[in-house]
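Working notes for the structure below.
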Amino acid sequence: MDVAFDVIVVGAGYGGASCAALLAERGRRVLVVDKNPQPGGKAMSLRRAGSTYEMWPIVGGPATGSRIEELMAVLGAGDGAAMVTPERTGELRFIDSDGSVFATPLGALPTSATAAPDHPEIGQDELGSAFEMAIAMVEATDDQLAALDTTDIASWMAGFGIGRVLNAHQMAVLNLLFVAPVDRIPASEAIRTLRDFSMKGAGRYHAGGYARPAEVAVDYVAAHGGEYRPRTKVDRIAVEGGRATGVVIDGELVTARAVVSNAGIQPTVLALVGAEHFPDDYVGRVSTLEPSWSFVGARYFLDAPVIDVPMVVQFSDESWWDDERFRAAETGRWPDHPLLFTVVPSLYDASLAPDTDHQVVLAGTMSSPDLSSPMGAEAIRRVDDEMRWTWPGIEGHIVKREVFTAANVSAASRASVVPGQGGECIGIAQVIGQCGSSKPAVAAPLEGLYFVGCDAGGYGCGTHQAVESGFTVADLVDAALA
Ligand SMILES: Cc1cc2nc3c(=O)[nH]c(=O)nc-3n(C[C@H](O)[C@H](O)[C@H](O)COP(=O)(O)OP(=O)(O)OC[C@H]3O[C@@H](n4cnc5c(N)ncnc54)[C@H](O)[C@@H]3O)c2cc1C
């Protein structure tokens with residue numbers, strides 16, 4: 001068949017951009033299109049009025065030895081997207097019932113006195129239990145992990161008896177990494193991710209803006225025989241003779257031997273391709289996949305550098321959510337302190353701020369992925385209150401505040417095609433039944449169609465999962481085209 005491209009990648013999020021670049025690196029002629037003006041999807045950086053910042057709080061992990069670092073090395077990006085891991089990457093802050101705050105340096109596993117909050121309830125026994133848990137995580141074999149696909153991480157951790165404060169620490173970190181209920185995150189997924197963070201560090205940022213690796217990746221495609229088309233929406237994925245044959249953009253068919261979709265498994269199957277092209281049981285399964293929760297909040301523009309910690313994860317032992325607590329918050333019963341994630345990009349890379357007198361601070365919390373849920377407005381109000389409680393100094397310095405909602409997340413990434421879905425922070429939720437051996441396959445049951453990004457082919461936290469998927473899918477597609 002005479003085709004325009006070897007591969008068309010729909011979407012230049014972290015998953016799509018990495019997959020496209022890896023295929024270009026193997027000599028494939030690739031077209032990558034994105035409806036957004038810039039690559040990066042949910043991790044797109046904003047460039048306005050002389051400064052670069054993010055749409056919402058975003059920081060990567062693991063800090064070193066990540067798939068993102070590996071991608072940049074494969075593409076020969078050098079300093080084009082340097083991984084930034086300052087000595088002080090961030091803080092975990094536990095708020096006790098009397099309002100006192102116990103801070104610890106960022107780290108996934110509190111296994112020593114210096115990595116745990118200096119809280120009166122934490123003694124040698126407590127640290128011993130945490131250490132035992134860390135060893136069990138590090139030593140778990142692949143087979144042991146696979147067997148934990150159906151065990152939830154909260155129950156698995158409960159077996160070590162780590163106590164209230166360290167438990168809150170772990171549950172809050174898990175909520176933040178997966179944006180899903182801790183009582184349904186599989187222990188397999190959680191352990192693999194947490195041990196990456198604890199062995200290779202947390203709190204990675206990218207010089208020039210968090211989206212730099214995606215930007216480097218699409219530039220690589222364009223410089224290696226392919227094309228990157230921003231502001232280009234794919235209306236349909238074409239199917240002929242039982243296989244994906246290309247994409248339709250503004251009524252024009254662009255052909256390829258394979259189509260890789262980064263637009264989300266549900267929007268791809270149910271809207272871009274159409275349910276009629278798939279087996280009924282597959283459509284049934286795809287339609288019922290559960291999204292991760294959303295993450296909503298605000299960007300604060302300050303006329304003075306008030307905050308001196310690049311990243312803060314703040315929580316009480318009521319802030320972390322399992323299913324029951326999420327449902328309670330959905331009906332208006334919130335904890336006194338929401339889990340608050342705060343990031344100041346210019347504290348990772350000083351060149352991101354327009355000058356030394358200003359600061360952009362991003363803060364958010366978990367909410368419903370449902371674009372019509374009233375929960376988002378309440379969540380944003382609570383983020384505001386918590387920011388003012390935590391940093392009373394910002395009050396007189398806020399010159400502008402912009403909120404971000406589940407609808408903004410959807411606009412930057414995937415369409416809402418199933419009730420309650422669209423504003424998910426990650427992709428389909430990393431919960432039991434959707435992870436490990438139960439994760440959707442990257443090859444669709446339609447010849448020539450593949451999924452890349454957080455819905456298939458990777459593990460880990462957010463952007464890292466998407467790039468892991470980029471590697472997996474590039475291997476598979478390259479082999480299929482050989
Ligand atoms: C508030 C918030 C905070 C986050 N914080 C973190 C964090 O701290 N650390 C972390 O690692 N991750 C974080 N994440 C998650 C992370 O951003 C995502 O998991 C990851 O970026 C998803 O990548 P992806 O490749 O799966 O797809 P997406 O980023 O969803 O990209 C999909 C791309 O496809 C494009 N597209 C869709 N449909 C079409 C179409 N029809 N035609 C053309 N293009 C199309 C979109 O425009 C988009 O660019 C956060 C997300 C949010 C929302």
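We label chains A, B, ... in the order they appear in the structure tokens, count residues from 1 in each chain, and number ligands from 1 in the order shown.
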
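Neighbouring residues of Val417 in chain A at 12 Å or closer, counting only C-alpha atoms and skipping chain neighbours under 4 positions away, are Ala263, Gly264, Ile265, Gln266, Pro267, Thr268, Val269, Leu270, Ala271, Leu272, Gly274, Ala275, Val286, Ser287, Thr288, Leu289, Pro291, Asp370, Leu371, Ser410, Gln421, Gly422 and Gly423 of chain A.
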
What does the file look like for those residues with N, CA and C atoms, as a PDB file, in the first residue's frame?
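Written file, again22.pdb:
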```
ATOM      1  N   ALA A 263      -4.569   9.697  22.671  1.00  0.00           N
ATOM      2  CA  ALA A 263      -5.753  10.495  23.014  1.00  0.00           C
ATOM      3  C   ALA A 263      -6.584   9.870  24.130  1.00  0.00           C
ATOM      4  N   GLY A 264      -6.118   8.735  24.679  1.00  0.00           N
ATOM      5  CA  GLY A 264      -6.869   8.036  25.733  1.00  0.00           C
ATOM      6  C   GLY A 264      -7.626   6.871  25.120  1.00  0.00           C
ATOM      7  N   ILE A 265      -7.642   5.745  25.828  1.00  0.00           N
ATOM      8  CA  ILE A 265      -8.251   4.539  25.245  1.00  0.00           C
ATOM      9  C   ILE A 265      -9.752   4.727  25.009  1.00  0.00           C
ATOM     10  N   GLN A 266     -10.434   5.396  25.959  1.00  0.00           N
ATOM     11  CA  GLN A 266     -11.885   5.558  25.782  1.00  0.00           C
ATOM     12  C   GLN A 266     -12.219   6.510  24.630  1.00  0.00           C
ATOM     13  N   PRO A 267     -11.615   7.715  24.576  1.00  0.00           N
ATOM     14  CA  PRO A 267     -11.897   8.577  23.423  1.00  0.00           C
ATOM     15  C   PRO A 267     -11.502   7.932  22.093  1.00  0.00           C
ATOM     16  N   THR A 268     -10.431   7.130  22.096  1.00  0.00           N
ATOM     17  CA  THR A 268      -9.978   6.519  20.837  1.00  0.00           C
ATOM     18  C   THR A 268     -10.974   5.471  20.348  1.00  0.00           C
ATOM     19  N   VAL A 269     -11.315   4.538  21.250  1.00  0.00           N
ATOM     20  CA  VAL A 269     -12.185   3.432  20.844  1.00  0.00           C
ATOM     21  C   VAL A 269     -13.613   3.926  20.576  1.00  0.00           C
ATOM     22  N   LEU A 270     -14.120   4.740  21.510  1.00  0.00           N
ATOM     23  CA  LEU A 270     -15.544   5.078  21.444  1.00  0.00           C
ATOM     24  C   LEU A 270     -15.841   6.250  20.514  1.00  0.00           C
ATOM     25  N   ALA A 271     -14.858   7.115  20.271  1.00  0.00           N
ATOM     26  CA  ALA A 271     -15.142   8.290  19.438  1.00  0.00           C
ATOM     27  C   ALA A 271     -14.275   8.352  18.177  1.00  0.00           C
ATOM     28  N   LEU A 272     -12.936   8.311  18.318  1.00  0.00           N
ATOM     29  CA  LEU A 272     -12.091   8.527  17.135  1.00  0.00           C
ATOM     30  C   LEU A 272     -12.189   7.376  16.129  1.00  0.00           C
ATOM     31  N   GLY A 274     -14.581   4.481  16.700  1.00  0.00           N
ATOM     32  CA  GLY A 274     -16.002   4.099  16.680  1.00  0.00           C
ATOM     33  C   GLY A 274     -16.174   2.680  17.170  1.00  0.00           C
ATOM     34  N   ALA A 275     -17.120   2.502  18.102  1.00  0.00           N
ATOM     35  CA  ALA A 275     -17.326   1.202  18.746  1.00  0.00           C
ATOM     36  C   ALA A 275     -17.623   0.099  17.745  1.00  0.00           C
ATOM     37  N   VAL A 286     -13.895  -1.457  27.716  1.00  0.00           N
ATOM     38  CA  VAL A 286     -13.324  -0.103  27.589  1.00  0.00           C
ATOM     39  C   VAL A 286     -14.291   0.926  28.191  1.00  0.00           C
ATOM     40  N   SER A 287     -15.576   0.738  27.947  1.00  0.00           N
ATOM     41  CA  SER A 287     -16.574   1.716  28.427  1.00  0.00           C
ATOM     42  C   SER A 287     -16.612   1.785  29.947  1.00  0.00           C
ATOM     43  N   THR A 288     -16.262   0.692  30.602  1.00  0.00           N
ATOM     44  CA  THR A 288     -16.376   0.673  32.070  1.00  0.00           C
ATOM     45  C   THR A 288     -15.030   0.899  32.781  1.00  0.00           C
ATOM     46  N   LEU A 289     -13.976   1.186  32.020  1.00  0.00           N
ATOM     47  CA  LEU A 289     -12.695   1.476  32.683  1.00  0.00           C
ATOM     48  C   LEU A 289     -12.851   2.732  33.531  1.00  0.00           C
ATOM     49  N   PRO A 291     -11.631   6.101  35.485  1.00  0.00           N
ATOM     50  CA  PRO A 291     -10.570   7.111  35.393  1.00  0.00           C
ATOM     51  C   PRO A 291      -9.911   7.351  36.744  1.00  0.00           C
ATOM     52  N   ASP A 370     -15.046  14.045  36.962  1.00  0.00           N
ATOM     53  CA  ASP A 370     -16.304  14.351  36.284  1.00  0.00           C
ATOM     54  C   ASP A 370     -16.380  15.863  36.028  1.00  0.00           C
ATOM     55  N   LEU A 371     -16.460  16.246  34.767  1.00  0.00           N
ATOM     56  CA  LEU A 371     -16.413  17.672  34.432  1.00  0.00           C
ATOM     57  C   LEU A 371     -17.597  18.441  35.011  1.00  0.00           C
ATOM     58  N   SER A 410      -9.090  18.280  31.019  1.00  0.00           N
ATOM     59  CA  SER A 410      -9.645  17.601  29.846  1.00  0.00           C
ATOM     60  C   SER A 410      -9.276  18.343  28.561  1.00  0.00           C
ATOM     61  N   GLN A 421     -15.985  10.834  33.168  1.00  0.00           N
ATOM     62  CA  GLN A 421     -14.583  10.732  32.728  1.00  0.00           C
ATOM     63  C   GLN A 421     -14.209  12.006  31.963  1.00  0.00           C
ATOM     64  N   GLY A 422     -12.927  12.260  31.793  1.00  0.00           N
ATOM     65  CA  GLY A 422     -12.471  13.393  30.980  1.00  0.00           C
ATOM     66  C   GLY A 422     -11.440  14.234  31.719  1.00  0.00           C
ATOM     67  N   GLY A 423     -11.689  14.480  33.026  1.00  0.00           N
ATOM     68  CA  GLY A 423     -10.781  15.343  33.773  1.00  0.00           C
ATOM     69  C   GLY A 423      -9.757  14.583  34.574  1.00  0.00           C
TER      70      GLY A 423
END
```

Inset, instruction - Apply DSSP to the structure's backbone, then extract all residues of range 32-117 of chain A labelled strand (DSSP E) and return them as a list in words. - result: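 Reading the DSSP output for range 32-117 of chain A, strand (DSSP E) covers Val32, Val33, Ser45, Leu46, Arg47, Arg48, Ser51, Thr52, Tyr53, Glu54, Met83, Val84, Glu91, Leu92, Arg93, Phe94, Ile95, Val101, Phe102, Ala103, Thr104 and Pro105 of chain A.
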
Legend entry - Shell around Asn262 in chain A at 12 Å using only C-alpha atoms, local window under 4 positions removed, as a VMD selection string: chain A and resid 8 to 20 32 to 35 39 to 42 234 266 to 269 272 413 to 415 427 442 449 to 457 466 to 467 469 to 470 473

Write to file, as a compact mmCIF listing (two decimals), in the first residue's frame, the residues of the selection just made, with N, CA and C atoms.
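Final output, saved to again05.txt:
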```
# COMPACT_ATOMS: atom_id res chain seq x y z
N ILE A 8 1.48 7.27 12.27
CA ILE A 8 0.91 8.55 12.71
C ILE A 8 0.63 8.42 14.21
N VAL A 9 1.15 9.38 14.97
CA VAL A 9 0.90 9.39 16.41
C VAL A 9 -0.08 10.52 16.71
N VAL A 10 -1.22 10.16 17.29
CA VAL A 10 -2.26 11.14 17.60
C VAL A 10 -2.03 11.63 19.02
N GLY A 11 -1.45 12.81 19.16
CA GLY A 11 -1.21 13.37 20.49
C GLY A 11 0.27 13.41 20.82
N ALA A 12 0.72 14.59 21.27
CA ALA A 12 2.13 14.76 21.66
C ALA A 12 2.25 14.99 23.16
N GLY A 13 1.46 14.23 23.92
CA GLY A 13 1.68 14.19 25.37
C GLY A 13 3.01 13.47 25.60
N TYR A 14 3.37 13.27 26.86
CA TYR A 14 4.63 12.59 27.14
C TYR A 14 4.69 11.21 26.47
N GLY A 15 3.56 10.50 26.44
CA GLY A 15 3.54 9.16 25.83
C GLY A 15 3.70 9.25 24.33
N GLY A 16 2.87 10.06 23.67
CA GLY A 16 2.89 10.17 22.22
C GLY A 16 4.21 10.73 21.72
N ALA A 17 4.70 11.80 22.35
CA ALA A 17 5.94 12.44 21.88
C ALA A 17 7.11 11.48 22.01
N SER A 18 7.19 10.75 23.13
CA SER A 18 8.33 9.84 23.32
C SER A 18 8.28 8.70 22.31
N CYS A 19 7.09 8.15 22.10
CA CYS A 19 6.94 7.04 21.16
C CYS A 19 7.30 7.49 19.74
N ALA A 20 6.80 8.68 19.36
CA ALA A 20 7.08 9.21 18.02
C ALA A 20 8.58 9.39 17.80
N VAL A 32 3.50 13.30 13.90
CA VAL A 32 2.86 13.42 15.22
C VAL A 32 2.03 14.69 15.21
N VAL A 33 0.75 14.56 15.54
CA VAL A 33 -0.16 15.71 15.51
C VAL A 33 -0.73 15.94 16.90
N ASP A 34 -0.96 17.19 17.23
CA ASP A 34 -1.60 17.48 18.52
C ASP A 34 -2.53 18.68 18.36
N LYS A 35 -3.66 18.60 19.02
CA LYS A 35 -4.63 19.70 18.94
C LYS A 35 -4.12 20.93 19.71
N PRO A 39 3.62 20.79 22.60
CA PRO A 39 3.59 19.40 23.08
C PRO A 39 3.60 19.33 24.60
N GLY A 40 3.31 18.15 25.13
CA GLY A 40 3.38 17.95 26.58
C GLY A 40 2.06 17.50 27.19
N GLY A 41 0.95 17.74 26.47
CA GLY A 41 -0.36 17.31 26.99
C GLY A 41 -0.61 17.83 28.38
N LYS A 42 -0.93 16.92 29.28
CA LYS A 42 -1.22 17.31 30.67
C LYS A 42 0.00 17.88 31.39
N VAL A 234 -7.19 15.63 15.28
CA VAL A 234 -7.63 14.47 14.50
C VAL A 234 -9.12 14.28 14.76
N GLN A 266 -10.43 5.40 25.96
CA GLN A 266 -11.88 5.56 25.78
C GLN A 266 -12.22 6.51 24.63
N PRO A 267 -11.62 7.72 24.58
CA PRO A 267 -11.90 8.58 23.42
C PRO A 267 -11.50 7.93 22.09
N THR A 268 -10.43 7.13 22.10
CA THR A 268 -9.98 6.52 20.84
C THR A 268 -10.97 5.47 20.35
N VAL A 269 -11.31 4.54 21.25
CA VAL A 269 -12.19 3.43 20.84
C VAL A 269 -13.61 3.93 20.58
N LEU A 272 -12.94 8.31 18.32
CA LEU A 272 -12.09 8.53 17.14
C LEU A 272 -12.19 7.38 16.13
N SER A 413 -5.93 17.54 27.41
CA SER A 413 -5.57 16.16 27.12
C SER A 413 -6.66 15.40 26.37
N ARG A 414 -7.64 14.86 27.08
CA ARG A 414 -8.56 13.94 26.43
C ARG A 414 -10.01 14.40 26.51
N ALA A 415 -10.79 13.99 25.50
CA ALA A 415 -12.21 14.34 25.47
C ALA A 415 -12.97 13.51 26.51
N GLY A 427 -4.83 9.05 33.86
CA GLY A 427 -5.38 8.31 32.73
C GLY A 427 -6.37 7.35 33.34
N VAL A 442 -1.54 -2.72 24.75
CA VAL A 442 -1.21 -1.57 23.91
C VAL A 442 -1.65 -1.79 22.46
N LEU A 449 -3.64 -0.50 14.99
CA LEU A 449 -3.96 0.54 15.98
C LEU A 449 -3.33 0.19 17.34
N TYR A 450 -2.70 1.18 17.94
CA TYR A 450 -2.02 1.00 19.24
C TYR A 450 -2.36 2.18 20.15
N PHE A 451 -2.25 1.93 21.47
CA PHE A 451 -2.45 2.99 22.45
C PHE A 451 -1.12 3.30 23.13
N VAL A 452 -0.84 4.58 23.35
CA VAL A 452 0.35 4.95 24.11
C VAL A 452 -0.05 5.98 25.15
N GLY A 453 0.72 6.04 26.25
CA GLY A 453 0.43 7.00 27.32
C GLY A 453 0.00 6.26 28.58
N CYS A 454 -0.69 6.97 29.44
CA CYS A 454 -0.96 6.41 30.76
C CYS A 454 -2.04 5.33 30.78
N ASP A 455 -2.69 5.07 29.65
CA ASP A 455 -3.74 4.03 29.68
C ASP A 455 -3.20 2.64 29.40
N ALA A 456 -2.01 2.52 28.86
CA ALA A 456 -1.50 1.20 28.48
C ALA A 456 0.01 1.22 28.32
N GLY A 457 0.65 0.12 28.71
CA GLY A 457 2.06 -0.06 28.36
C GLY A 457 3.08 0.47 29.35
N ALA A 466 3.92 7.44 31.33
CA ALA A 466 3.64 7.73 29.91
C ALA A 466 4.88 7.44 29.05
N VAL A 467 6.07 7.81 29.54
CA VAL A 467 7.29 7.59 28.75
C VAL A 467 7.67 6.10 28.74
N SER A 469 5.55 3.81 28.69
CA SER A 469 4.67 3.31 27.65
C SER A 469 5.21 3.65 26.26
N GLY A 470 5.78 4.86 26.12
CA GLY A 470 6.36 5.26 24.83
C GLY A 470 7.41 4.26 24.37
N VAL A 473 5.62 0.83 23.41
CA VAL A 473 4.86 0.87 22.16
C VAL A 473 5.79 1.05 20.96
```

Inset, instruction - Determine, counting only C-alpha atoms, which protein, DNA and RNA residues have an atom within 7 Å of an atom of Glu468 in chain A; residues of the same chain fewer than 5 positions away are not included. Present the result as a list in words. - result: Arg67, Gly458 and Tyr459 of chain A

What are the closest atom pairs, with distances in Å to one decimal, for each residue of range 221-335 of chain A lying within 12 Å of range 185-188 of chain A, using only C-alpha atoms, rows by chain and rising residue number, as a Markdown table?
```
| residue | atom | partner | partner_atom | distance |
| --- | --- | --- | --- | --- |
| A:Ser292 | CA | A:Ile185 | CA | 10.7 |
| A:Trp321 | CA | A:Ile185 | CA | 11.5 |
| A:Asp322 | CA | A:Ile185 | CA | 9.5 |
| A:Asp323 | CA | A:Ile185 | CA | 10.6 |
```

Using N, CA and C atoms, can you export the residues from the last selection as a PDB file, in the first residue's frame?
```
ATOM      1  N   SER A 292      -8.664   7.854  36.731  1.00  0.00           N
ATOM      2  CA  SER A 292      -8.079   8.329  37.989  1.00  0.00           C
ATOM      3  C   SER A 292      -8.871   9.562  38.417  1.00  0.00           C
ATOM      4  N   TRP A 321      -7.015   9.796  50.968  1.00  0.00           N
ATOM      5  CA  TRP A 321      -8.332   9.238  50.651  1.00  0.00           C
ATOM      6  C   TRP A 321      -8.285   7.792  50.187  1.00  0.00           C
ATOM      7  N   ASP A 322      -9.184   7.011  50.777  1.00  0.00           N
ATOM      8  CA  ASP A 322      -9.571   5.744  50.189  1.00  0.00           C
ATOM      9  C   ASP A 322     -10.921   6.012  49.525  1.00  0.00           C
ATOM     10  N   ASP A 323     -11.572   4.970  49.061  1.00  0.00           N
ATOM     11  CA  ASP A 323     -12.862   5.162  48.377  1.00  0.00           C
ATOM     12  C   ASP A 323     -13.882   5.857  49.271  1.00  0.00           C
TER      13      ASP A 323
END
```

Legend entry - Test item: residues at most 10 Å from Asp149 in chain A, only C-alpha atoms, excluding those fewer than 6 positions along its chain, as a list in words: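 Counting only C-alpha atoms, the residues come to Ile185, Pro186, Ala187, Ser188, Glu189, Ala190, Val431, Ile432, Gly433, Gln434, Cys435, Gly436, Ser437 and Ser438 of chain A.
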
Legend entry - Counting only C-alpha atoms, the residue of A:His224, A:His169, A:Arg299, A:His277 that sits nearest Tyr53 in chain A: A:Arg299

Inset, instruction - Quick one: everything within 6 Å of Val296 in chain A, counting only C-alpha atoms, minus sequence neighbours fewer than 6 positions away in the same chain. Send it as number ranges by chain. - result: A: 364-365, 404-405

Legend entry - Pick from A:Glu215, A:Asp357, A:Asp152, A:Asp235 nearest to ligand 1, counting only C-alpha atoms and all ligand atoms: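 When distances to ligand 1 are compared using only C-alpha atoms and all ligand atoms, the smallest one comes from A:Asp235.
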
Legend entry - Who sits within 7 Å of Lys200 in chain A, only C-alpha atoms, same chain under 2 positions skipped, as a PyMOL selection string: chain A and resi 62-65+196-198+202

Inset, instruction - Tell me which of A:Ala377, A:Met171, A:Met72, A:Ala217 sits closest to Leu339 in chain A, counting only C-alpha atoms. - result: A:Met171

Inset, instruction - Check the DSSP output for the backbone and give back, as a ChimeraX atom specification, the residues of range 173-325 of chain A in helix (DSSP H, G or I). - result: /A:173-178,187-200,212-223,265-277,280-287,323-325

Output C-alpha atoms for every residue in that selection, as a tab-separated table (two decimals), in the first residue's frame.
```tsv
chain	number	residue	atom	x	y	z
A	173	VAL	CA	2.38	9.89	48.91
A	174	LEU	CA	0.37	7.10	47.27
A	175	ASN	CA	-2.59	9.44	46.66
A	176	LEU	CA	-0.23	11.91	45.07
A	177	LEU	CA	1.57	9.39	42.87
A	178	PHE	CA	-1.56	7.65	41.60
A	187	ALA	CA	0.53	-3.41	45.86
A	188	SER	CA	2.46	-4.51	42.74
A	189	GLU	CA	2.17	-1.10	41.03
A	190	ALA	CA	2.76	0.82	44.26
A	191	ILE	CA	5.84	-1.14	45.33
A	192	ARG	CA	7.53	-0.87	41.92
A	193	THR	CA	6.94	2.87	41.91
A	194	LEU	CA	7.85	3.57	45.54
A	195	ARG	CA	11.07	1.63	45.33
A	196	ASP	CA	12.07	3.54	42.20
A	197	PHE	CA	11.53	6.74	44.14
A	198	SER	CA	13.33	5.60	47.25
A	199	MET	CA	16.34	4.16	45.38
A	200	LYS	CA	16.67	6.86	42.70
A	212	ARG	CA	11.07	20.11	27.82
A	213	PRO	CA	11.44	16.35	27.14
A	214	ALA	CA	8.20	16.32	25.09
A	215	GLU	CA	9.36	19.44	23.22
A	216	VAL	CA	12.74	17.87	22.51
A	217	ALA	CA	11.00	14.70	21.32
A	218	VAL	CA	8.75	16.39	18.73
A	219	ASP	CA	11.67	18.51	17.49
A	220	TYR	CA	13.59	15.28	17.05
A	221	VAL	CA	10.78	13.84	14.91
A	222	ALA	CA	10.76	16.94	12.70
A	223	ALA	CA	14.56	16.83	12.33
A	265	ILE	CA	-8.25	4.54	25.24
A	266	GLN	CA	-11.88	5.56	25.78
A	267	PRO	CA	-11.90	8.58	23.42
A	268	THR	CA	-9.98	6.52	20.84
A	269	VAL	CA	-12.19	3.43	20.84
A	270	LEU	CA	-15.54	5.08	21.44
A	271	ALA	CA	-15.14	8.29	19.44
A	272	LEU	CA	-12.09	8.53	17.14
A	273	VAL	CA	-12.42	5.00	15.72
A	274	GLY	CA	-16.00	4.10	16.68
A	275	ALA	CA	-17.33	1.20	18.75
A	276	GLU	CA	-18.64	-0.57	15.62
A	277	HIS	CA	-15.07	-1.51	14.65
A	280	ASP	CA	-18.69	-6.04	21.74
A	281	ASP	CA	-16.96	-7.44	24.82
A	282	TYR	CA	-13.96	-5.15	24.21
A	283	VAL	CA	-16.21	-2.11	23.89
A	284	GLY	CA	-17.97	-3.18	27.10
A	285	ARG	CA	-14.67	-3.41	28.95
A	286	VAL	CA	-13.32	-0.10	27.59
A	287	SER	CA	-16.57	1.72	28.43
A	323	ASP	CA	-12.86	5.16	48.38
A	324	GLU	CA	-14.96	5.94	51.44
A	325	ARG	CA	-13.23	9.25	52.18
```

Inset, instruction - Could you check which of A:Ala444, A:Ile58, A:Val165, A:Val313 is closest to ligand 1, using only C-alpha atoms and all ligand atoms? - result: A:Ile58
